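Participant: Okay, handing you the structure first.
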Amino acid sequence: MSFLTVFLSFCMLGSRFFLLWIFLFWFLFAQRAKRCHDIGRSGWWQFIPLYELWLLCAKGQVGKNEYGEDPQALEEDLYPQKED
């Protein structure tokens with residue numbers, strides 16, 4: 001194998017990992033932004049160092065906030081309790 005063949009194969013493999021990295025970054029950014037919205041904060045808060053640790057421990061707001069309805073409240077509405 002020539003140096004050029006090895007170099008081109010590494011470049012092609014690197015570009016695939018780069019595309020995978022972009023997709024993964026976009027997905028994680030969106031999930032953290034949704035979590036920030038769940039606690040009533042802007043999605044930009046996720047760029048504060050170590051804020052992700054706070055997101056793991058913080059409880060979401062109960063009820064509606066400026067970003068929408070409470071997802072857990074919506075889940076309870078899907079399965080109403082039977083009244084006898």
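Residue numbering restarts at 1 for every chain of the structure tokens, chains are lettered A, B, ... in their displayed order, and ligands are numbered from 1 as they appear.
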Mind checking which residues fall within 8 Å of region 33-41 of chain A, counting only C-alpha atoms, ignoring those fewer than 2 positions away in the same chain, and posting them as a CSV table (one decimal) with all heavy atoms, in the first residue's frame?
Facilitator:
chain,number,residue,atom,x,y,z
A,29,PHE,N,-27.1,19.0,22.0
A,29,PHE,CA,-27.5,20.4,22.2
A,29,PHE,C,-29.0,20.5,22.3
A,29,PHE,O,-29.5,21.2,23.2
A,29,PHE,CB,-26.9,21.2,21.0
A,29,PHE,CG,-27.4,22.7,21.1
A,29,PHE,CD1,-26.8,23.5,22.0
A,29,PHE,CD2,-28.4,23.1,20.3
A,29,PHE,CE1,-27.1,24.9,22.0
A,29,PHE,CE2,-28.7,24.5,20.3
A,29,PHE,CZ,-28.1,25.3,21.2
A,30,ALA,N,-29.7,19.9,21.5
A,30,ALA,CA,-31.2,20.0,21.5
A,30,ALA,C,-31.8,19.4,22.8
A,30,ALA,O,-32.7,19.9,23.4
A,30,ALA,CB,-31.8,19.2,20.3
A,31,GLN,N,-31.2,18.2,23.2
A,31,GLN,CA,-31.7,17.6,24.4
A,31,GLN,C,-31.5,18.5,25.7
A,31,GLN,O,-32.3,18.6,26.5
A,31,GLN,CB,-31.1,16.2,24.6
A,31,GLN,CG,-31.5,15.2,23.6
A,31,GLN,CD,-33.0,15.1,23.5
A,31,GLN,OE1,-33.7,14.9,24.5
A,31,GLN,NE2,-33.5,15.1,22.3
A,43,GLY,N,-32.2,28.1,26.6
A,43,GLY,CA,-31.3,27.0,26.2
A,43,GLY,C,-29.8,27.4,26.2
A,43,GLY,O,-28.9,26.6,26.2
A,44,TRP,N,-29.5,28.7,26.2
A,44,TRP,CA,-28.2,29.2,26.3
A,44,TRP,C,-27.5,28.9,27.6
A,44,TRP,O,-26.3,29.0,27.7
A,44,TRP,CB,-28.1,30.7,25.9
A,44,TRP,CG,-28.5,31.0,24.5
A,44,TRP,CD1,-29.7,31.5,24.1
A,44,TRP,CD2,-27.7,30.7,23.4
A,44,TRP,NE1,-29.7,31.6,22.7
A,44,TRP,CE2,-28.5,31.1,22.2
A,44,TRP,CE3,-26.5,30.2,23.1
A,44,TRP,CZ2,-28.0,31.0,21.0
A,44,TRP,CZ3,-26.0,30.1,21.9
A,44,TRP,CH2,-26.8,30.5,20.8
A,45,TRP,N,-28.3,28.7,28.6
A,45,TRP,CA,-27.7,28.4,29.9
A,45,TRP,C,-26.8,27.1,29.9
A,45,TRP,O,-26.0,27.0,30.8
A,45,TRP,CB,-28.8,28.2,31.0
A,45,TRP,CG,-29.4,29.5,31.5
A,45,TRP,CD1,-30.2,30.3,30.8
A,45,TRP,CD2,-29.1,30.1,32.7
A,45,TRP,NE1,-30.5,31.4,31.6
A,45,TRP,CE2,-29.9,31.2,32.8
A,45,TRP,CE3,-28.4,29.7,33.9
A,45,TRP,CZ2,-29.9,32.1,33.9
A,45,TRP,CZ3,-28.4,30.5,35.0
A,45,TRP,CH2,-29.1,31.7,35.0
A,46,GLN,N,-27.0,26.2,29.0
A,46,GLN,CA,-26.3,25.0,28.9
A,46,GLN,C,-24.8,25.2,28.6
A,46,GLN,O,-24.0,24.3,28.8
A,46,GLN,CB,-26.9,24.0,27.9
A,46,GLN,CG,-26.7,24.5,26.5
A,46,GLN,CD,-27.4,23.6,25.5
A,46,GLN,OE1,-27.0,22.4,25.5
A,46,GLN,NE2,-28.3,24.0,24.7
A,55,LEU,N,-28.5,20.4,35.7
A,55,LEU,CA,-29.6,19.9,34.9
A,55,LEU,C,-30.0,18.5,35.3
A,55,LEU,O,-31.1,18.1,35.3
A,55,LEU,CB,-29.3,20.0,33.4
A,55,LEU,CG,-29.2,21.3,32.8
A,55,LEU,CD1,-28.8,21.2,31.4
A,55,LEU,CD2,-30.5,22.1,32.9
A,58,ALA,N,-31.8,19.0,38.9
A,58,ALA,CA,-32.9,19.9,39.1
A,58,ALA,C,-34.2,19.3,38.7
A,58,ALA,O,-34.3,18.6,37.8
A,58,ALA,CB,-32.6,21.2,38.3
A,59,LYS,N,-35.2,19.7,39.5
A,59,LYS,CA,-36.6,19.2,39.2
A,59,LYS,C,-37.2,20.2,38.3
A,59,LYS,O,-37.1,21.4,38.4
A,59,LYS,CB,-37.4,19.1,40.5
A,59,LYS,CG,-38.8,18.5,40.3
A,59,LYS,CD,-39.5,18.3,41.6
A,59,LYS,CE,-40.8,17.7,41.3
A,59,LYS,NZ,-41.6,17.4,42.6
A,60,GLY,N,-38.0,19.8,37.3
A,60,GLY,CA,-38.7,20.6,36.4
A,60,GLY,C,-39.8,21.5,37.0
A,60,GLY,O,-40.3,21.1,38.1
A,61,GLN,N,-40.2,22.5,36.3
A,61,GLN,CA,-41.3,23.4,36.8
A,61,GLN,C,-42.6,22.6,36.7
A,61,GLN,O,-42.8,21.9,35.7
A,61,GLN,CB,-41.4,24.7,36.1
A,61,GLN,CG,-40.3,25.7,36.4
A,61,GLN,CD,-40.5,27.0,35.7
A,61,GLN,OE1,-41.2,27.0,34.7
A,61,GLN,NE2,-39.8,28.0,36.2
A,65,ASN,N,-44.9,26.9,31.7
A,65,ASN,CA,-44.0,28.0,31.7
A,65,ASN,C,-44.0,28.7,30.4
A,65,ASN,O,-44.7,28.3,29.5
A,65,ASN,CB,-42.6,27.6,32.2
A,65,ASN,CG,-41.9,26.6,31.3
A,65,ASN,OD1,-42.3,26.5,30.2
A,65,ASN,ND2,-40.9,26.0,31.8
A,66,GLU,N,-43.1,29.6,30.2
A,66,GLU,CA,-43.0,30.4,28.9
A,66,GLU,C,-42.6,29.5,27.7
A,66,GLU,O,-42.8,29.9,26.6
A,66,GLU,CB,-42.1,31.6,29.0
A,66,GLU,CG,-40.6,31.2,29.2
A,66,GLU,CD,-39.7,32.4,29.3
A,66,GLU,OE1,-39.6,33.1,28.3
A,66,GLU,OE2,-39.2,32.6,30.4
A,67,TYR,N,-42.1,28.3,28.0
A,67,TYR,CA,-41.7,27.4,26.9
A,67,TYR,C,-42.7,26.3,26.6
A,67,TYR,O,-42.5,25.5,25.7
A,67,TYR,CB,-40.3,26.8,27.3
A,67,TYR,CG,-39.3,27.8,27.4
A,67,TYR,CD1,-38.8,28.1,28.7
A,67,TYR,CD2,-38.7,28.4,26.4
A,67,TYR,CE1,-37.8,29.1,28.9
A,67,TYR,CE2,-37.7,29.3,26.5
A,67,TYR,CZ,-37.3,29.7,27.8
A,67,TYR,OH,-36.3,30.6,28.0
A,70,ASP,N,-46.2,21.5,30.8
A,70,ASP,CA,-45.4,20.6,31.6
A,70,ASP,C,-45.6,19.2,31.0
A,70,ASP,O,-46.7,18.7,30.9
A,70,ASP,CB,-45.9,20.5,33.1
A,70,ASP,CG,-45.1,19.6,33.9
A,70,ASP,OD1,-44.1,19.1,33.5
A,70,ASP,OD2,-45.5,19.5,35.1
Participant: Mind pulling up the distance from CA of Glu69 (chain A) to CA of Cys57 (chain A)?
Facilitator: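 Here the two named atoms are 20.4 Å from each other.
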Participant: How far is it from CA of Leu53 (chain A) to CA of Gly68 (chain A), in Å with one decimal?
Facilitator: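 Between CA of Leu53 (chain A) and CA of Gly68 (chain A) the gap works out to 23.4 Å.
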